[in-house]
Every structure is written in C-alpha cells, then in structure tokens.
>>> print(open('start_6.cif').read())   # mmCIF, C-alpha atoms and all ligand atoms
data_data
#
loop_
_atom_site.label_atom_id
_atom_site.label_comp_id
_atom_site.auth_asym_id
_atom_site.auth_seq_id
_atom_site.Cartn_x
_atom_site.Cartn_y
_atom_site.Cartn_z
CA MET A 1 3.89 12.22 7.05
CA THR A 2 2.69 8.63 6.91
CA PHE A 3 -0.33 6.76 8.24
CA GLU A 4 -0.05 3.16 9.37
CA GLY A 5 -2.04 0.42 11.04
CA ILE A 6 -3.38 -3.10 10.59
CA GLU A 7 -6.36 -3.85 8.34
CA GLY A 8 -9.50 -2.23 9.74
CA SER A 9 -7.60 0.41 11.73
CA GLY A 10 -9.47 3.23 9.98
CA LYS A 11 -6.27 4.96 8.82
CA THR A 12 -7.55 5.64 5.30
CA THR A 13 -10.49 7.63 6.69
CA GLN A 14 -8.05 9.59 8.85
CA VAL A 15 -5.77 10.37 5.86
CA ALA A 16 -8.77 11.89 4.03
CA ARG A 17 -9.83 13.88 7.09
CA ALA A 18 -6.30 15.11 7.76
CA ALA A 19 -5.93 16.20 4.12
CA ALA A 20 -9.26 18.07 4.24
CA TRP A 21 -8.27 19.75 7.52
CA MET A 22 -4.90 20.86 6.12
CA GLN A 23 -6.52 22.19 2.93
CA ALA A 24 -8.94 24.19 5.04
CA GLN A 25 -5.90 25.72 6.80
CA GLY A 26 -4.58 26.80 3.40
CA LEU A 27 -1.76 24.27 3.42
CA PRO A 28 -0.79 22.62 0.09
CA VAL A 29 -1.43 18.88 0.43
CA LEU A 30 -0.94 15.70 -1.57
CA ALA A 31 -2.75 12.64 -0.17
CA THR A 32 -1.51 9.41 -1.72
CA ARG A 33 -0.88 5.76 -0.92
CA ASN A 34 1.44 2.74 -0.98
CA PRO A 35 0.91 0.63 -2.90
CA GLY A 36 -1.04 2.34 -5.67
CA GLY A 37 -0.26 6.06 -5.73
CA THR A 38 0.88 6.05 -9.38
CA GLU A 39 -0.31 4.44 -12.61
CA LEU A 40 2.31 1.69 -12.28
CA GLY A 41 1.47 1.47 -8.57
CA ARG A 42 -2.19 0.77 -9.34
CA LEU A 43 -1.17 -2.21 -11.50
CA LEU A 44 1.19 -3.46 -8.77
CA ARG A 45 -1.49 -2.95 -6.12
CA ASP A 46 -3.97 -4.99 -8.09
CA ALA A 47 -1.48 -7.86 -8.47
CA LEU A 48 -0.28 -7.69 -4.86
CA LEU A 49 -3.69 -7.46 -3.22
CA HIS A 50 -6.08 -9.20 -5.54
CA SER A 51 -4.29 -11.94 -7.50
CA ARG A 52 -5.26 -15.40 -6.24
CA GLY A 53 -2.10 -17.37 -6.97
CA HIS A 54 0.78 -17.77 -4.53
CA ILE A 55 3.35 -14.92 -4.48
CA ASP A 56 6.80 -15.62 -3.06
CA ALA A 57 7.32 -13.48 0.07
CA GLY A 58 10.60 -12.03 -1.22
CA ALA A 59 8.98 -11.13 -4.54
CA GLU A 60 6.13 -9.50 -2.62
CA LEU A 61 8.63 -7.36 -0.71
CA LEU A 62 10.50 -6.37 -3.88
CA LEU A 63 7.26 -5.38 -5.61
CA MET A 64 6.18 -3.28 -2.61
CA MET A 65 9.61 -1.61 -2.73
CA ALA A 66 9.39 -1.11 -6.49
CA ASP A 67 6.04 0.63 -6.03
CA ARG A 68 7.51 2.78 -3.25
CA ARG A 69 10.63 3.77 -5.17
CA HIS A 70 8.65 4.74 -8.28
CA HIS A 71 6.11 6.64 -6.21
CA LEU A 72 8.83 8.42 -4.25
CA THR A 73 10.82 9.60 -7.26
CA THR A 74 7.93 10.46 -9.59
CA MET A 75 5.38 11.92 -7.16
CA ILE A 76 6.53 12.44 -3.57
CA GLU A 77 9.94 14.06 -4.13
CA PRO A 78 8.61 16.55 -6.73
CA ALA A 79 5.68 17.47 -4.44
CA LEU A 80 7.97 18.01 -1.45
CA ALA A 81 10.33 20.09 -3.59
CA GLU A 82 7.39 22.43 -4.32
CA GLY A 83 6.63 22.79 -0.62
CA THR A 84 3.58 20.50 -0.71
CA HIS A 85 2.86 18.44 2.43
CA VAL A 86 2.63 14.76 1.54
CA LEU A 87 0.28 12.44 3.43
CA CYS A 88 1.02 8.84 2.52
CA ASP A 89 -1.32 5.98 3.43
CA ARG A 90 1.38 3.38 4.33
CA TYR A 91 5.09 3.48 3.56
CA THR A 92 8.18 1.46 4.52
CA ASP A 93 6.89 0.72 8.04
CA ALA A 94 4.21 -1.38 6.32
CA SER A 95 6.89 -3.51 4.64
CA ARG A 96 8.68 -3.88 7.99
CA ALA A 97 5.43 -5.00 9.62
CA TYR A 98 3.82 -7.09 6.82
CA GLN A 99 6.80 -8.60 4.98
CA GLY A 100 9.39 -8.30 7.76
CA ALA A 101 7.22 -9.64 10.60
CA GLY A 102 4.02 -10.95 8.98
CA ARG A 103 5.83 -12.95 6.28
CA ARG A 104 8.82 -13.47 8.61
CA LEU A 105 11.43 -12.08 6.18
CA GLY A 106 12.99 -10.02 8.97
CA GLU A 107 12.95 -6.26 9.28
CA LYS A 108 16.66 -6.04 8.47
CA ARG A 109 16.00 -7.10 4.88
CA VAL A 110 13.41 -4.37 4.55
CA ASP A 111 15.74 -1.78 6.08
CA GLU A 112 18.52 -2.73 3.64
CA LEU A 113 16.25 -2.25 0.62
CA HIS A 114 14.85 0.97 2.03
CA GLU A 115 18.35 2.32 2.59
CA ARG A 116 19.39 1.39 -0.94
CA TRP A 117 16.30 2.43 -2.91
CA CYS A 118 14.10 4.79 -0.94
CA ARG A 119 16.08 6.47 1.83
CA ARG A 120 13.65 9.25 2.60
CA ASP A 121 11.92 8.83 5.97
CA PRO A 122 8.71 10.52 7.04
CA ASP A 123 9.05 13.33 9.57
CA ARG A 124 5.99 11.98 11.35
CA THR A 125 4.17 8.64 11.38
CA TYR A 126 0.69 8.24 12.79
CA LEU A 127 -0.01 4.69 13.95
CA PHE A 128 -3.67 3.74 14.38
CA ASP A 129 -3.53 0.89 16.83
CA LEU A 130 -6.26 -1.48 17.99
CA PRO A 131 -6.60 -5.14 18.99
CA VAL A 132 -6.60 -7.59 16.08
CA ASP A 133 -10.02 -9.07 16.96
CA ALA A 134 -11.71 -5.67 16.84
CA ALA A 135 -9.95 -4.81 13.58
CA LEU A 136 -10.86 -8.09 11.88
CA ALA A 137 -14.49 -7.70 12.97
CA ARG A 138 -14.54 -4.33 11.14
CA VAL A 139 -12.94 -5.88 8.06
CA ALA A 140 -15.54 -8.69 8.02
CA LYS A 141 -18.34 -6.10 8.13
CA ARG A 142 -17.08 -3.97 5.26
CA ARG A 143 -15.80 -6.84 3.10
CA GLY A 144 -17.12 -6.73 -0.46
CA ALA A 145 -16.90 -9.31 -3.20
CA SER A 146 -13.25 -8.69 -4.05
CA PHE A 147 -10.57 -11.09 -2.81
CA ASP A 148 -7.77 -9.50 -0.71
CA ARG A 149 -4.59 -11.50 -0.08
CA PHE A 150 -3.77 -9.72 3.19
CA GLU A 151 -7.28 -9.73 4.62
CA GLU A 152 -7.29 -13.50 3.99
CA GLU A 153 -4.34 -14.04 6.35
CA ASP A 154 -4.97 -15.63 9.74
CA ARG A 155 -5.15 -13.94 13.13
CA LYS A 156 -1.54 -14.83 13.99
CA PHE A 157 -0.24 -13.04 10.89
CA HIS A 158 -2.11 -9.87 11.90
CA GLU A 159 -0.85 -10.22 15.49
CA ARG A 160 2.73 -10.25 14.19
CA VAL A 161 2.02 -7.20 12.04
CA ARG A 162 0.48 -5.30 14.97
CA ALA A 163 3.35 -6.24 17.31
CA ALA A 164 5.91 -5.06 14.73
CA TYR A 165 4.18 -1.69 14.34
CA ARG A 166 4.02 -1.19 18.10
CA ARG A 167 7.67 -2.20 18.50
CA ARG A 168 8.75 0.28 15.84
CA ALA A 169 6.73 3.03 17.51
CA ARG A 170 8.53 2.32 20.81
CA GLN A 171 11.90 2.36 19.03
CA GLU A 172 11.23 5.69 17.31
CA PRO A 173 9.13 7.71 19.76
CA LYS A 174 10.00 11.04 18.14
CA ARG A 175 8.68 10.00 14.73
CA PHE A 176 5.63 8.00 15.83
CA VAL A 177 2.38 9.18 17.34
CA VAL A 178 0.12 6.30 18.37
CA PHE A 179 -3.66 6.64 18.52
CA ASP A 180 -6.19 4.29 20.07
CA ALA A 181 -8.05 3.31 16.90
CA SER A 182 -10.70 1.30 18.73
CA GLN A 183 -12.57 4.58 19.30
CA THR A 184 -14.98 6.09 16.76
CA ALA A 185 -13.53 7.80 13.65
CA ASP A 186 -14.72 11.16 15.03
CA SER A 187 -12.96 10.78 18.33
CA VAL A 188 -9.75 9.48 16.71
CA PHE A 189 -9.79 12.50 14.41
CA LEU A 190 -10.15 14.88 17.38
CA SER A 191 -6.82 13.59 18.72
CA LEU A 192 -5.25 13.68 15.26
CA GLU A 193 -6.44 17.23 14.64
CA GLU A 194 -4.97 18.35 17.95
CA ASN A 195 -1.66 16.81 16.95
CA LEU A 196 -1.69 18.39 13.48
CA ARG A 197 -2.55 21.75 14.99
CA SER A 198 0.41 21.63 17.35
CA LEU A 199 2.71 20.38 14.57
CA PHE A 200 1.87 23.29 12.27
CA ARG A 201 1.81 25.81 15.11
CA LYS A 202 5.38 24.74 15.95
CA ARG A 203 6.37 25.18 12.32
CA GLY A 204 4.73 28.60 12.27
CA ARG A 205 2.34 27.66 9.47
CA ALA A 206 -1.04 27.44 11.22
P1 LIG A 301 -4.55 -0.77 2.42
O1 LIG A 301 -5.04 0.06 1.30
O2 LIG A 301 -5.63 -1.34 3.24
O3 LIG A 301 -3.54 -0.08 3.23
O4 LIG A 301 -3.94 -2.04 1.70
C1 LIG A 301 -2.63 -2.21 1.38
C2 LIG A 301 -2.26 -3.63 1.71
O5 LIG A 301 -0.91 -3.87 1.32
C3 LIG A 301 -2.36 -3.92 3.20
O6 LIG A 301 -2.90 -5.19 3.37
C4 LIG A 301 -0.92 -3.93 3.65
C5 LIG A 301 -0.16 -4.33 2.42
N1 LIG A 301 1.19 -3.77 2.35
C6 LIG A 301 2.27 -4.60 2.56
O7 LIG A 301 2.10 -5.79 2.83
N2 LIG A 301 3.53 -4.08 2.49
C7 LIG A 301 3.78 -2.78 2.17
O8 LIG A 301 4.93 -2.36 2.09
C8 LIG A 301 2.64 -1.92 1.94
C9 LIG A 301 2.87 -0.50 1.59
C10 LIG A 301 1.37 -2.46 2.03
#
>>> encode(input="start_6.cif", output="structure tokens", more="lines below")
Ligand code: TMP
Amino acid sequence: MTFEGIEGSGKTTQVARAAAWMQAQGLPVLATRNPGGTELGRLLRDALLHSRGHIDAGAELLLMMADRRHHLTTMIEPALAEGTHVLCDRYTDASRAYQGAGRRLGEKRVDELHERWCRRDPDRTYLFDLPVDAALARVAKRRGASFDRFEEEDRKFHERVRAAYRRRARQEPKRFVVFDASQTADSVFLSLEENLRSLFRKRGRA
C-alpha cells in the first residue's frame, strides 16, 4: 500500500503509525519511501530534494523513476515475495502529481514510464488531503535549516499537485481512500486504523 499527499499532509507520521499497528497485529511489515528507500535512493533523494541548482523537469522525472525502479526490484518485490506487507511513503502517484501536474510534464508521460519500468501498482493508496494554505503553514512551522526544492515551490504549484491527487483518487475509487488530513494526527489515525482493520479482516489476517 502507498501513502500520498502534498507537503505537510502528515502522511509520514501515518506510515509510521500504520506500520506499528500492523506489527502489533503480528503482520510482517516493511515501511519504506520514495525517493530514498535504498542506498542509491538516499543519494538520489539528496540530489532531488536538496541540491540548489536548476534540475530539468524531465531529468527530475527520470531520476524519480530510476529511484522507484531500483527500489521496486531490490527491496519491494523481494519483500512481497516473502509475504511481507509493504507500506511505501509515496510512489508513482507522486510523479503523476508533482512532475505530471506540478511541473506540467503531463501525467501520460509518467504513465508511460511507469508501464515500461515499474508496472506494479499498489493494492491500496491512502491520500491525506488538506487545503494548500493549511499544509504550507505546517511546513513553515517545522522547517529546519535545510533547503528543500519542493517546499520552495509557490502556492500554485502545490495547488496543481493537490488537484492532481484528488483527480486520480476520483478516477480510481477502488484503490484510493481519502482522509481529511486537516484534523489532528490522532484523529486521522483513528480513521486509518479503522480502514486497516477492515482490510485485514476481509483478507482473514486480523
Ligand atoms: P517527502 O519525504 O516529504 O515525501 O518528500 C519527497 C519529495 O519528493 C516531495 O516533495 C515530493 C517529491 N516527489 C516527487 O516530486 N516525485 C516523485 O515521484 C516522488 C516519489 C516524490
């Protein structure tokens, strides 16, 4: 399953809580992220998020895809083959939203690369949705000294990213579950936990 949302949506907190909840149920879990789940991914993440020079939008997309492909083949596929549940903090929907819509490359380009190099789709995607203003206010509060290329983008960029996520969720209602992320982390997790419980009850595992 994957976790998505704009900056400041609180999804990373929810990945950690979901992983802890699943472990407590005795379920084997791998919690990981795009970009940055592997050693190569950590190098790519550093370049993609923290380098100050201009990066061509197409190159940015290809590097995100390179991270995803490497992560998928070296970590995710082997874990799934062992019966481990994989929780991934962002995946191809992030490229659709950020590079496809945010950078205006078009989602079709992302889909083509995904089809060619990644293929595997999550069985469930949790989208943590909230208005851009509220999200950016959270980001401003937690911001440390480190420069972040995506957090630096203007409000319109983040509006395009949010709209793309919401559009995708409407297009694929079976895969997506959307939460109101403007609530507290505790109350968002209550809804997430309820959803996880019913998912694993259906599968006969919890
Ligand atoms: P995060 O750890 O806050 O999720 O940071 C990852 C950043 O990378 C975030 O700003 C979104 C961006 N990103 C893309 O632009 N495209 C992608 O395909 C992925 C996975 C992340």
>>> residues_around(input="start_6.cif", residues="Gly58 (chain A)", least_positions_apart="5", cutoff="12 Å", atoms="all atoms listed in the file", output="list in words")
Leu63, Met64, Met65, Ser95, Tyr98, Gln99, Gly100, Arg103, Arg104, Leu105, Gly106, Arg109, Val110 and Leu113 of chain A
>>> write_last_selection(input="start_6.cif", atoms="C-alpha atoms", output="PDB file, in the coordinates of the input")
ATOM      1  CA  LEU A  63       7.260  -5.380  -5.610  1.00  0.00           C
ATOM      2  CA  MET A  64       6.180  -3.280  -2.610  1.00  0.00           C
ATOM      3  CA  MET A  65       9.610  -1.610  -2.730  1.00  0.00           C
ATOM      4  CA  SER A  95       6.890  -3.510   4.640  1.00  0.00           C
ATOM      5  CA  TYR A  98       3.820  -7.090   6.820  1.00  0.00           C
ATOM      6  CA  GLN A  99       6.800  -8.600   4.980  1.00  0.00           C
ATOM      7  CA  GLY A 100       9.390  -8.300   7.760  1.00  0.00           C
ATOM      8  CA  ARG A 103       5.830 -12.950   6.280  1.00  0.00           C
ATOM      9  CA  ARG A 104       8.820 -13.470   8.610  1.00  0.00           C
ATOM     10  CA  LEU A 105      11.430 -12.080   6.180  1.00  0.00           C
ATOM     11  CA  GLY A 106      12.990 -10.020   8.970  1.00  0.00           C
ATOM     12  CA  ARG A 109      16.000  -7.100   4.880  1.00  0.00           C
ATOM     13  CA  VAL A 110      13.410  -4.370   4.550  1.00  0.00           C
ATOM     14  CA  LEU A 113      16.250  -2.250   0.620  1.00  0.00           C
TER      15      LEU A 113
END
>>> residues_around(input="start_6.cif", residues="region 142-152 of chain A", least_positions_apart="6", cutoff="10 Å", atoms="all atoms listed in the file", output="PyMOL selection string")
chain A and resi 6-8+46-55+98+102+136+158
>>> residues_around(input="start_6.cif", residues="Leu192 (chain A)", least_positions_apart="2", cutoff="12 Å", atoms="all atoms listed in the file", output="VMD selection string")
chain A and resid 3 11 13 to 19 21 to 22 125 to 128 177 to 181 185 to 190 194 to 199
>>> residues_around(input="start_6.cif", residues="region 75-85 of chain A", least_positions_apart="2", cutoff="8 Å", atoms="all atoms listed in the file", output="ChimeraX atom specification")
/A:1,27-30,38,70-73,87
>>> axis_aligned_box(input="start_6.cif", around="region 25-42 of chain A", padding_each_side="5 Å", output="JSON")
{"center_x": -1.8, "center_y": 13.7, "center_z": -2.9, "size_x": 18.2, "size_y": 36.2, "size_z": 29.4}
>>> closest_residue(input="start_6.cif", among="A:Ala169, A:Leu61, A:Ala163, A:Ala20", to="ligand LIG 301 (chain A)", atoms="only C-alpha atoms and all ligand atoms")
A:Leu61
>>> atom_distance(input="start_6.cif", atom1="CA of Asp111 (chain A)", atom2="CA of Leu43 (chain A)")
24.4 Å
>>> closest_residue(input="start_6.cif", among="A:Gln23, A:Thr74, A:Gln171, A:Asn34", to="ligand LIG 301 (chain A)", atoms="all atoms listed in the file")
A:Asn34
>>> decode(input="start_6.cif", residues="region 180-193 of chain A", atoms="all heavy atoms", output="PDB file, in the first residue's frame")
ATOM      1  N   ASP A 180      -9.346  13.248   5.496  1.00  0.00           N
ATOM      2  CA  ASP A 180      -9.251  14.685   5.736  1.00  0.00           C
ATOM      3  C   ASP A 180      -8.045  14.912   6.659  1.00  0.00           C
ATOM      4  O   ASP A 180      -8.135  14.685   7.862  1.00  0.00           O
ATOM      5  CB  ASP A 180     -10.547  15.178   6.385  1.00  0.00           C
ATOM      6  CG  ASP A 180     -10.444  16.630   6.820  1.00  0.00           C
ATOM      7  OD1 ASP A 180      -9.404  17.276   6.537  1.00  0.00           O
ATOM      8  OD2 ASP A 180     -11.390  17.119   7.458  1.00  0.00           O
ATOM      9  N   ALA A 181      -6.949  15.357   6.065  1.00  0.00           N
ATOM     10  CA  ALA A 181      -5.695  15.487   6.819  1.00  0.00           C
ATOM     11  C   ALA A 181      -5.600  16.812   7.561  1.00  0.00           C
ATOM     12  O   ALA A 181      -4.576  17.106   8.169  1.00  0.00           O
ATOM     13  CB  ALA A 181      -4.506  15.318   5.871  1.00  0.00           C
ATOM     14  N   SER A 182      -6.669  17.613   7.537  1.00  0.00           N
ATOM     15  CA  SER A 182      -6.609  18.867   8.306  1.00  0.00           C
ATOM     16  C   SER A 182      -6.884  18.596   9.783  1.00  0.00           C
ATOM     17  O   SER A 182      -6.690  19.460  10.629  1.00  0.00           O
ATOM     18  CB  SER A 182      -7.579  19.907   7.740  1.00  0.00           C
ATOM     19  OG  SER A 182      -8.890  19.411   7.786  1.00  0.00           O
ATOM     20  N   GLN A 183      -7.350  17.379  10.098  1.00  0.00           N
ATOM     21  CA  GLN A 183      -7.587  17.013  11.503  1.00  0.00           C
ATOM     22  C   GLN A 183      -6.256  16.701  12.210  1.00  0.00           C
ATOM     23  O   GLN A 183      -5.217  16.652  11.570  1.00  0.00           O
ATOM     24  CB  GLN A 183      -8.476  15.774  11.551  1.00  0.00           C
ATOM     25  CG  GLN A 183      -9.845  15.984  10.926  1.00  0.00           C
ATOM     26  CD  GLN A 183     -10.622  14.694  10.884  1.00  0.00           C
ATOM     27  OE1 GLN A 183     -10.404  13.789  11.689  1.00  0.00           O
ATOM     28  NE2 GLN A 183     -11.522  14.592   9.934  1.00  0.00           N
ATOM     29  N   THR A 184      -6.336  16.432  13.506  1.00  0.00           N
ATOM     30  CA  THR A 184      -5.104  16.091  14.239  1.00  0.00           C
ATOM     31  C   THR A 184      -4.601  14.714  13.776  1.00  0.00           C
ATOM     32  O   THR A 184      -5.385  13.907  13.275  1.00  0.00           O
ATOM     33  CB  THR A 184      -5.363  15.990  15.758  1.00  0.00           C
ATOM     34  OG1 THR A 184      -6.301  14.929  15.972  1.00  0.00           O
ATOM     35  CG2 THR A 184      -5.892  17.293  16.332  1.00  0.00           C
ATOM     36  N   ALA A 185      -3.301  14.462  14.019  1.00  0.00           N
ATOM     37  CA  ALA A 185      -2.710  13.169  13.634  1.00  0.00           C
ATOM     38  C   ALA A 185      -3.465  12.023  14.312  1.00  0.00           C
ATOM     39  O   ALA A 185      -3.699  10.973  13.694  1.00  0.00           O
ATOM     40  CB  ALA A 185      -1.241  13.144  14.012  1.00  0.00           C
ATOM     41  N   ASP A 186      -3.879  12.229  15.569  1.00  0.00           N
ATOM     42  CA  ASP A 186      -4.600  11.163  16.290  1.00  0.00           C
ATOM     43  C   ASP A 186      -5.929  10.856  15.620  1.00  0.00           C
ATOM     44  O   ASP A 186      -6.292   9.702  15.448  1.00  0.00           O
ATOM     45  CB  ASP A 186      -4.872  11.579  17.746  1.00  0.00           C
ATOM     46  CG  ASP A 186      -3.627  11.456  18.607  1.00  0.00           C
ATOM     47  OD1 ASP A 186      -2.654  10.819  18.142  1.00  0.00           O
ATOM     48  OD2 ASP A 186      -3.628  12.000  19.725  1.00  0.00           O
ATOM     49  N   SER A 187      -6.646  11.906  15.241  1.00  0.00           N
ATOM     50  CA  SER A 187      -7.961  11.605  14.671  1.00  0.00           C
ATOM     51  C   SER A 187      -7.843  11.060  13.247  1.00  0.00           C
ATOM     52  O   SER A 187      -8.630  10.212  12.842  1.00  0.00           O
ATOM     53  CB  SER A 187      -8.920  12.789  14.837  1.00  0.00           C
ATOM     54  OG  SER A 187      -8.938  13.548  13.694  1.00  0.00           O
ATOM     55  N   VAL A 188      -6.824  11.487  12.496  1.00  0.00           N
ATOM     56  CA  VAL A 188      -6.603  10.887  11.168  1.00  0.00           C
ATOM     57  C   VAL A 188      -6.269   9.406  11.347  1.00  0.00           C
ATOM     58  O   VAL A 188      -6.793   8.549  10.628  1.00  0.00           O
ATOM     59  CB  VAL A 188      -5.465  11.618  10.395  1.00  0.00           C
ATOM     60  CG1 VAL A 188      -5.149  10.901   9.088  1.00  0.00           C
ATOM     61  CG2 VAL A 188      -5.840  13.067  10.114  1.00  0.00           C
ATOM     62  N   PHE A 189      -5.434   9.106  12.342  1.00  0.00           N
ATOM     63  CA  PHE A 189      -5.052   7.701  12.522  1.00  0.00           C
ATOM     64  C   PHE A 189      -6.235   6.830  12.925  1.00  0.00           C
ATOM     65  O   PHE A 189      -6.312   5.663  12.528  1.00  0.00           O
ATOM     66  CB  PHE A 189      -3.886   7.516  13.506  1.00  0.00           C
ATOM     67  CG  PHE A 189      -3.455   6.072  13.548  1.00  0.00           C
ATOM     68  CD1 PHE A 189      -2.857   5.489  12.439  1.00  0.00           C
ATOM     69  CD2 PHE A 189      -3.719   5.272  14.651  1.00  0.00           C
ATOM     70  CE1 PHE A 189      -2.510   4.137  12.430  1.00  0.00           C
ATOM     71  CE2 PHE A 189      -3.375   3.920  14.661  1.00  0.00           C
ATOM     72  CZ  PHE A 189      -2.770   3.355  13.541  1.00  0.00           C
ATOM     73  N   LEU A 190      -7.188   7.390  13.681  1.00  0.00           N
ATOM     74  CA  LEU A 190      -8.379   6.596  14.040  1.00  0.00           C
ATOM     75  C   LEU A 190      -9.082   6.098  12.780  1.00  0.00           C
ATOM     76  O   LEU A 190      -9.473   4.931  12.684  1.00  0.00           O
ATOM     77  CB  LEU A 190      -9.357   7.440  14.864  1.00  0.00           C
ATOM     78  CG  LEU A 190      -9.097   7.543  16.359  1.00  0.00           C
ATOM     79  CD1 LEU A 190     -10.189   8.380  17.028  1.00  0.00           C
ATOM     80  CD2 LEU A 190      -9.057   6.138  16.984  1.00  0.00           C
ATOM     81  N   SER A 191      -9.238   6.996  11.803  1.00  0.00           N
ATOM     82  CA  SER A 191      -9.895   6.604  10.540  1.00  0.00           C
ATOM     83  C   SER A 191      -9.033   5.602   9.772  1.00  0.00           C
ATOM     84  O   SER A 191      -9.547   4.639   9.202  1.00  0.00           O
ATOM     85  CB  SER A 191     -10.126   7.812   9.640  1.00  0.00           C
ATOM     86  OG  SER A 191     -10.730   8.840  10.349  1.00  0.00           O
ATOM     87  N   LEU A 192      -7.719   5.842   9.775  1.00  0.00           N
ATOM     88  CA  LEU A 192      -6.821   4.927   9.073  1.00  0.00           C
ATOM     89  C   LEU A 192      -6.852   3.535   9.708  1.00  0.00           C
ATOM     90  O   LEU A 192      -6.928   2.511   9.014  1.00  0.00           O
ATOM     91  CB  LEU A 192      -5.397   5.508   9.083  1.00  0.00           C
ATOM     92  CG  LEU A 192      -4.276   4.649   8.515  1.00  0.00           C
ATOM     93  CD1 LEU A 192      -4.535   4.279   7.057  1.00  0.00           C
ATOM     94  CD2 LEU A 192      -2.928   5.380   8.622  1.00  0.00           C
ATOM     95  N   GLU A 193      -6.824   3.512  11.033  1.00  0.00           N
ATOM     96  CA  GLU A 193      -6.825   2.232  11.742  1.00  0.00           C
ATOM     97  C   GLU A 193      -8.103   1.446  11.415  1.00  0.00           C
ATOM     98  O   GLU A 193      -8.048   0.239  11.168  1.00  0.00           O
ATOM     99  CB  GLU A 193      -6.735   2.487  13.253  1.00  0.00           C
ATOM    100  CG  GLU A 193      -6.657   1.212  14.052  1.00  0.00           C
ATOM    101  CD  GLU A 193      -6.681   1.443  15.564  1.00  0.00           C
ATOM    102  OE1 GLU A 193      -6.406   2.573  16.016  1.00  0.00           O
ATOM    103  OE2 GLU A 193      -6.991   0.488  16.270  1.00  0.00           O
TER     104      GLU A 193
END
